[in-house]
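Heads up, upload.cif below (mmCIF, C-alpha atoms):
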```cif
data_query
#
loop_
_atom_site.label_atom_id
_atom_site.label_comp_id
_atom_site.auth_asym_id
_atom_site.auth_seq_id
_atom_site.Cartn_x
_atom_site.Cartn_y
_atom_site.Cartn_z
CA MET A 195 3.64 -29.56 17.31
CA LEU A 196 4.05 -31.27 13.94
CA ILE A 197 7.16 -33.16 14.99
CA ARG A 198 7.69 -34.39 18.52
CA SER A 199 11.13 -35.77 18.99
CA SER A 200 14.14 -35.60 21.25
CA ILE A 201 15.94 -34.02 18.32
CA LYS A 202 15.54 -30.24 18.38
CA LEU A 203 14.77 -28.91 14.93
CA HIS A 204 15.52 -25.40 13.81
CA PRO A 205 12.39 -23.18 13.92
CA THR A 206 12.71 -22.52 10.19
CA ILE A 207 12.67 -26.26 9.45
CA LYS A 208 9.64 -26.73 11.68
CA ALA A 209 7.80 -23.88 9.97
CA LEU A 210 8.70 -25.19 6.51
CA SER A 211 7.57 -28.70 7.39
CA LYS A 212 4.22 -27.32 8.53
CA TYR A 213 3.75 -25.43 5.27
CA ILE A 214 4.57 -28.54 3.23
CA VAL A 215 2.32 -30.90 5.20
CA TYR A 216 -0.57 -28.56 6.02
CA THR A 217 -0.81 -27.33 2.42
CA HIS A 218 -0.64 -30.94 1.17
CA LEU A 219 2.32 -30.35 -1.12
CA HIS A 220 3.73 -33.78 -0.23
CA ILE A 221 0.45 -35.49 -1.23
CA GLY A 222 0.45 -33.53 -4.48
CA LEU A 223 3.97 -34.76 -5.21
CA SER A 224 2.90 -38.37 -4.58
CA ALA A 225 0.00 -38.00 -7.00
CA GLY A 226 2.27 -36.35 -9.55
CA PHE A 227 4.94 -39.05 -9.33
CA ILE A 228 2.39 -41.86 -9.75
CA THR A 229 0.82 -40.26 -12.82
CA LEU A 230 4.24 -39.38 -14.20
CA GLY A 231 5.40 -42.99 -13.89
CA THR A 232 2.27 -44.78 -15.04
CA ALA A 233 1.76 -42.44 -18.01
CA TYR A 234 5.40 -42.95 -19.01
CA HIS A 235 4.94 -46.72 -18.66
CA ALA A 236 1.90 -46.46 -20.96
CA THR A 237 4.12 -44.66 -23.53
CA ILE A 238 2.07 -41.46 -23.32
CA THR A 239 4.04 -38.63 -24.93
CA ASN A 240 2.78 -35.90 -22.59
CA TYR A 241 3.44 -37.92 -19.46
CA PHE A 242 5.17 -34.99 -17.77
CA LEU A 243 2.18 -32.67 -18.25
CA TYR A 244 -0.16 -35.32 -16.85
CA GLY A 245 2.08 -35.56 -13.79
CA ILE A 246 2.03 -31.78 -13.31
CA THR A 247 -1.76 -31.75 -13.72
CA ALA A 248 -2.15 -34.44 -11.05
CA PHE A 249 0.11 -32.44 -8.73
CA PHE A 250 -1.87 -29.20 -8.98
CA ALA A 251 -5.29 -30.92 -9.00
CA THR A 252 -4.45 -32.78 -5.78
CA ILE A 253 -3.22 -29.61 -4.08
CA SER A 254 -6.41 -27.81 -5.14
CA VAL A 255 -8.82 -30.49 -3.89
CA TYR A 256 -7.04 -31.32 -0.63
CA ASN A 257 -6.64 -27.67 0.36
CA PHE A 258 -10.29 -27.03 -0.46
CA HIS A 259 -11.20 -29.88 1.88
CA GLY A 260 -8.77 -28.57 4.48
CA VAL A 261 -10.17 -25.03 4.49
CA TYR A 262 -13.76 -26.25 4.66
CA LYS A 263 -13.08 -28.60 7.59
CA ALA A 264 -10.90 -26.05 9.39
CA GLU A 265 -13.65 -23.43 9.31
CA LEU A 266 -16.07 -25.96 10.81
CA LEU A 267 -13.85 -27.75 13.32
CA LYS A 268 -10.69 -25.92 14.44
CA SER A 269 -10.26 -29.00 16.66
CA SER A 270 -6.61 -29.78 15.98
CA ALA A 271 -3.28 -28.05 15.48
CA LYS A 272 -3.63 -28.60 11.74
CA HIS A 273 -7.12 -27.10 11.53
CA THR A 274 -6.05 -24.16 13.68
CA TRP A 275 -3.01 -23.53 11.47
CA ILE A 276 -5.12 -23.69 8.30
CA PHE A 277 -7.73 -21.35 9.78
CA ARG A 278 -5.04 -18.81 10.71
CA HIS A 279 -3.51 -19.00 7.22
CA HIS A 280 -6.81 -19.25 5.33
CA LEU A 281 -6.03 -16.32 3.01
CA TYR A 282 -2.80 -17.94 1.86
CA ILE A 283 -4.52 -21.32 1.47
CA LYS A 284 -7.36 -19.81 -0.55
CA TRP A 285 -4.82 -18.08 -2.79
CA LEU A 286 -3.09 -21.44 -3.25
CA ILE A 287 -6.42 -23.08 -4.12
CA THR A 288 -7.16 -20.39 -6.71
CA VAL A 289 -3.76 -20.68 -8.36
CA SER A 290 -3.62 -24.49 -8.35
CA THR A 291 -7.20 -24.77 -9.66
CA SER A 292 -6.50 -22.29 -12.45
CA ILE A 293 -3.33 -24.14 -13.50
CA THR A 294 -5.19 -27.48 -13.40
CA LEU A 295 -7.98 -26.18 -15.65
CA LEU A 296 -5.50 -24.65 -18.11
CA LEU A 297 -3.53 -27.89 -18.30
CA LEU A 298 -6.72 -29.94 -18.77
CA MET A 299 -7.78 -27.65 -21.63
CA PHE A 300 -4.38 -28.12 -23.25
CA LEU A 301 -4.35 -31.90 -22.74
CA LEU A 302 -7.97 -32.62 -23.67
CA LYS A 303 -8.17 -34.84 -26.77
CA LYS A 304 -11.25 -37.01 -26.29
CA PRO A 305 -13.80 -34.66 -24.71
CA PHE A 306 -16.87 -36.86 -25.24
CA ILE A 307 -15.11 -39.73 -23.50
CA VAL A 308 -13.25 -38.05 -20.64
CA LEU A 309 -15.49 -35.08 -19.74
CA PRO A 310 -18.16 -37.35 -18.14
CA LEU A 311 -15.38 -39.04 -16.15
CA LEU A 312 -13.94 -35.69 -15.07
CA PHE A 313 -17.42 -34.51 -14.08
CA VAL A 314 -17.91 -37.55 -11.82
CA ILE A 315 -14.44 -37.07 -10.31
CA GLY A 316 -15.17 -33.38 -9.69
CA PHE A 317 -18.58 -34.18 -8.20
CA ILE A 318 -17.14 -36.70 -5.74
CA SER A 319 -14.22 -34.41 -4.87
CA PHE A 320 -16.55 -31.47 -4.11
CA TYR A 321 -19.28 -33.33 -2.24
CA TYR A 322 -16.85 -35.52 -0.37
CA VAL A 323 -16.85 -32.87 2.37
CA ILE A 324 -19.72 -30.56 1.30
CA PRO A 325 -23.18 -31.84 2.33
CA PHE A 326 -25.11 -33.44 -0.53
CA LYS A 327 -28.76 -34.14 0.26
CA GLY A 328 -28.07 -33.65 3.95
CA SER A 329 -24.62 -35.18 4.39
CA PRO A 330 -21.26 -35.32 2.58
CA LEU A 331 -20.35 -38.40 0.58
CA ARG A 332 -17.63 -39.32 3.06
CA GLU A 333 -20.33 -40.03 5.65
CA GLN A 334 -21.95 -42.79 3.61
CA PRO A 335 -21.38 -46.08 5.46
CA PHE A 336 -18.10 -47.81 4.52
CA MET A 337 -17.60 -45.53 1.49
CA LYS A 338 -14.83 -43.15 2.62
CA VAL A 339 -11.97 -45.38 1.48
CA ILE A 340 -13.77 -46.44 -1.71
CA TYR A 341 -14.40 -42.85 -2.81
CA VAL A 342 -10.77 -41.88 -2.18
CA ALA A 343 -9.33 -44.90 -4.00
CA ALA A 344 -11.77 -44.66 -6.93
CA THR A 345 -11.16 -40.92 -7.42
CA TRP A 346 -7.38 -41.24 -7.30
CA THR A 347 -7.38 -44.23 -9.65
CA SER A 348 -9.75 -42.54 -12.11
CA PHE A 349 -7.85 -39.26 -12.33
CA LEU A 350 -4.27 -40.50 -12.11
CA LEU A 351 -4.52 -43.59 -14.34
CA ILE A 352 -7.81 -43.96 -16.23
CA PHE A 353 -8.15 -40.35 -17.40
CA PRO A 354 -4.72 -40.16 -19.14
CA ALA A 355 -5.26 -43.53 -20.85
CA LEU A 356 -8.76 -42.70 -22.13
CA ASN A 357 -7.77 -39.19 -23.17
CA GLU A 358 -4.87 -40.51 -25.22
CA GLY A 359 -7.09 -43.06 -26.93
CA ILE A 360 -5.48 -46.09 -25.38
CA ASN A 361 -8.19 -48.70 -25.84
CA ALA A 362 -6.49 -51.53 -23.97
CA LEU A 363 -6.37 -50.15 -20.45
CA HIS A 364 -3.92 -51.95 -18.19
CA TRP A 365 -6.55 -53.26 -15.78
CA GLY A 366 -3.97 -55.14 -13.77
CA GLU A 367 -2.13 -51.88 -13.13
CA ILE A 368 -5.38 -50.03 -12.42
CA CYS A 369 -6.36 -52.67 -9.84
CA ALA A 370 -2.86 -52.48 -8.38
CA TYR A 371 -3.10 -48.76 -7.71
CA PHE A 372 -6.69 -49.00 -6.49
CA CYS A 373 -5.44 -51.47 -3.86
CA LEU A 374 -2.53 -49.13 -3.08
CA PHE A 375 -4.86 -46.19 -2.46
CA VAL A 376 -7.14 -48.34 -0.29
CA ALA A 377 -4.12 -49.43 1.75
CA ILE A 378 -2.94 -45.85 2.29
CA ALA A 379 -6.43 -44.49 3.07
CA LEU A 380 -7.29 -47.06 5.76
CA PRO A 381 -4.90 -45.66 8.43
CA TYR A 382 -6.68 -42.31 8.15
CA ASP A 383 -10.02 -44.04 8.60
CA LEU A 384 -8.64 -45.63 11.75
CA ARG A 385 -7.29 -42.29 13.00
CA ASP A 386 -10.76 -40.73 12.62
CA VAL A 387 -12.67 -43.68 14.09
CA SER A 388 -13.41 -41.96 17.40
CA ILE A 389 -15.19 -39.16 15.53
CA ASP A 390 -16.67 -41.16 12.66
CA GLN A 391 -18.27 -43.89 14.75
CA GLN A 392 -20.48 -41.26 16.33
CA LYS A 393 -21.87 -40.33 12.89
CA PHE A 394 -21.49 -43.23 10.45
CA LYS A 395 -19.93 -46.64 9.97
CA THR A 396 -16.45 -47.08 8.52
CA ILE A 397 -14.31 -50.16 7.96
CA PRO A 398 -12.20 -49.63 11.14
CA SER A 399 -15.23 -48.94 13.32
CA SER A 400 -16.76 -52.23 12.16
CA ILE A 401 -13.82 -54.63 12.13
CA GLY A 402 -11.46 -53.06 14.66
CA SER A 403 -7.89 -51.78 14.66
CA LYS A 404 -5.96 -55.05 14.18
CA LYS A 405 -8.12 -56.33 11.33
CA THR A 406 -7.94 -52.91 9.66
CA MET A 407 -4.14 -53.05 9.85
CA LEU A 408 -4.11 -56.55 8.33
CA PHE A 409 -6.55 -55.41 5.64
CA SER A 410 -4.33 -52.45 4.80
CA ILE A 411 -1.09 -54.46 4.69
CA THR A 412 -2.78 -57.16 2.59
CA ALA A 413 -4.12 -54.58 0.11
CA PHE A 414 -0.66 -53.07 -0.14
CA LEU A 415 1.01 -56.43 -0.79
CA ILE A 416 -1.64 -57.27 -3.39
CA SER A 417 -0.85 -53.93 -5.03
CA GLY A 418 2.86 -54.79 -5.18
CA THR A 419 2.12 -58.24 -6.58
CA LEU A 420 -0.12 -56.82 -9.31
CA ILE A 421 2.51 -54.24 -10.24
CA LEU A 422 5.03 -57.08 -10.58
CA SER A 423 2.59 -59.00 -12.79
CA THR A 424 2.23 -56.02 -15.14
CA ASP A 425 5.94 -55.15 -15.17
CA ARG A 426 8.13 -58.22 -14.68
CA THR A 427 11.30 -56.12 -14.78
CA ALA A 428 10.29 -54.59 -11.43
CA ILE A 429 11.56 -57.73 -9.70
CA TYR A 430 15.10 -56.54 -10.49
CA ASN A 431 14.32 -52.92 -9.62
CA PRO A 432 15.86 -51.70 -6.33
CA ILE A 433 13.53 -48.68 -6.29
CA PHE A 434 10.52 -51.01 -6.30
CA TRP A 435 11.74 -53.08 -3.36
CA SER A 436 12.89 -50.00 -1.45
CA VAL A 437 9.48 -48.37 -1.83
CA ILE A 438 7.62 -51.57 -0.92
CA GLY A 439 9.75 -52.14 2.17
CA SER A 440 9.65 -48.55 3.40
CA ASN A 441 5.89 -48.26 2.92
CA VAL A 442 5.16 -51.49 4.80
CA LEU A 443 7.27 -50.19 7.69
CA LEU A 444 5.50 -46.82 7.59
CA LEU A 445 2.09 -48.50 7.54
CA LEU A 446 3.02 -50.49 10.62
CA ALA A 447 4.40 -47.35 12.30
CA VAL A 448 1.20 -45.42 11.55
CA PHE A 449 -1.04 -48.17 12.93
CA TYR A 450 1.01 -48.68 16.08
CA ARG A 451 2.15 -45.13 16.87
CA LYS A 452 -0.59 -42.96 15.29
CA LYS A 453 1.73 -39.93 15.24
CA GLU A 454 1.38 -37.12 12.71
CA PRO A 455 4.98 -37.39 11.37
CA TYR A 456 4.35 -41.01 10.32
CA TYR A 457 1.24 -40.00 8.37
CA ALA A 458 3.22 -37.26 6.63
CA LEU A 459 6.02 -39.69 5.77
CA LEU A 460 3.54 -42.25 4.46
CA ASP A 461 1.86 -39.65 2.25
CA SER A 462 5.27 -38.68 0.91
CA ALA A 463 6.59 -42.23 0.40
CA PHE A 464 3.81 -44.12 -1.37
CA GLY A 465 4.02 -41.92 -4.46
CA MET A 466 7.62 -43.00 -4.98
CA ILE A 467 6.22 -46.16 -6.58
CA GLY A 468 5.70 -44.05 -9.69
CA LEU A 469 9.47 -43.70 -10.06
CA ILE A 470 10.04 -47.43 -10.60
CA TYR A 471 9.18 -47.06 -14.29
CA PHE A 472 12.18 -44.82 -14.90
CA TRP A 473 14.74 -47.37 -13.69
#
```
Rewrite the structure of this file - the entire thing - as structure tokens.
Amino acid sequence: MLIRSSIKLHPTIKALSKYIVYTHLHIGLSAGFITLGTAYHATITNYFLYGITAFFATISVYNFHGVYKAELLKSSAKHTWIFRHHLYIKWLITVSTSITLLLLMFLLKKPFIVLPLLFVIGFISFYYVIPFKGSPLREQPFMKVIYVAATWTSFLLIFPALNEGINALHWGEICAYFCLFVAIALPYDLRDVSIDQQKFKTIPSSIGSKKTMLFSITAFLISGTLILSTDRTAIYNPIFWSVIGSNVLLLLAVFYRKKEPYYALLDSAFGMIGLIYFW
């Protein structure tokens, strides 16, 4: 079951929650909100289109990963659900990929600058789960979190800035969101440690659960501090403090409880940081 609680949810709500979480719509929304906010903060005119592009690109990539792993594993309720609904998921991948490519064609302004970056992002996204020279990129020692954080940062923040010709990239903001993505990715590394340690080394398998939790919380707090340093008005922003507080609590809940609903809530909540720029 996706949600295990003493509260009985209506079957329709349970089914809908599965569709949202298992098709990664909530992660797509988080990516979209972050790009929407940071592009707006960078005074990019087409900030809304960049946010929509991030939404559909994230749905495309994550569902591609989900289908590939489900066909190989079928070892969990999620993988089983994806395998049973593979035709719908593949249709969703096709539609979201097509929309992403159309939006990128419309947005593209600096092809010689951003196409190499997009190629690298696409390469990492594809071979993150597909074997490359014998094994997927995610199985390189200690690199799972780095690949996730670097790809998210590059597509959500660096690509819009370079494409719009913004020479002075906000490196403080870029570092802030890189730390944020590292903080959010680490709990998933810890969740997979029992499987990963049999194949390759990850941060949690090397330093343990408690140190991984401290590493994640520290990275998240560094992220918040860097965001404050790049936008001093955030200190008076209730959205900023609400998001920071709720995400720290969710990180702690994920590390201590390791229940699927907490992961889903965390994936849904961290993207709300992108909304602070509209306050």
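The gap separating CA of Ile378 (chain A) from CA of Leu444 (chain A) is 10.0 Å, in Å to one decimal.
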Given the file shown, enumerate the residues that the PyMOL selection byres ((chain A and resi 208-220) around 10) captures and present them as a PyMOL selection string. chain A and resi 195-197+202-207+221-226+249-250+252-258+260-261+271-273+275-276+279+282-283+286-287+454-455+457-463+465
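For the set A:Leu469, A:Ile401, A:Val314, A:Ile368, the residue with the smallest atom-to-atom gap to Ala343 (chain A) is A:Ile368, counting only C-alpha atoms.
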So that I can check the surroundings of Ala447 (chain A), please list as JSON, numbers by chain every protein, DNA and RNA residue that reaches within 7 Å of it, counting only C-alpha atoms and ignoring chain neighbours fewer than 4 positions away. {"A": [443, 451, 456]}
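Residue nearest Thr232 (chain A), chosen from A:Tyr450, A:Phe414, A:Tyr262, A:Phe349 and counting only C-alpha atoms: A:Phe349.
Within the file as shown, the PyMOL selection byres ((chain A and resi 243) around 10) identifies Gly226, Thr229, Leu230, Ala233, Thr239, Asn240, Tyr241, Phe242, Tyr244, Gly245, Ile246, Thr247, Ala248, Phe249, Leu297, Leu298, Phe300 and Leu301 of chain A.
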Which is closer to Pro330 (chain A) than all the others in A:Gly468, A:Gly359, A:Ile228, A:His259, using only C-alpha atoms? A:His259
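Against the coordinates shown, the PyMOL selection byres ((chain A and resi 408-411) around 8) returns A:Val376, A:Ala377, A:Ile378, A:Leu380, A:Pro381, A:Lys404, A:Lys405, A:Thr406, A:Met407, A:Thr412, A:Ala413, A:Phe414, A:Leu415, A:Val442, A:Leu445.
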Box along x, y and z, 5 Å on every side, all listed atoms of region 438-444 of chain A inside: centre and edge lengths in Å to one decimal, as lines of an AutoDock Vina configuration file.
```
center_x = 7.5
center_y = -49.5
center_z = 3.4
size_x = 14.6
size_y = 15.3
size_z = 18.6
```
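The residue that comes closest to Thr345 (chain A), out of A:Phe434, A:Tyr371, A:Trp473, A:Trp365 and on the basis of all atoms listed in the file, is A:Tyr371.
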So which one's closest to Val308 (chain A), A:Val289, A:Glu358, A:Val342, A:Pro325? Using only C-alpha atoms, please. A:Glu358
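Taking CA of Leu420 (chain A) as the reference point, CA of Ala370 (chain A) is found at 5.2 Å.
The spacing separating CA of Ile429 (chain A) from CA of Ile360 (chain A) amounts to 25.9 Å.
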Tell me which of A:Ser292, A:Asn441, A:Ser348, A:Gln334 sits closest to Leu312 (chain A), counting only C-alpha atoms. A:Ser348
Residues within 12 Å of (3.0, -56.2, -13.6), counting only C-alpha atoms, listed as a list in words: Thr232, His235, His364, Trp365, Gly366, Glu367, Ile368, Cys369, Ala370, Tyr371, Ile416, Ser417, Gly418, Thr419, Leu420, Ile421, Leu422, Ser423, Thr424, Asp425, Arg426, Thr427, Ala428, Ile429, Phe434, Ile470 and Tyr471 of chain A
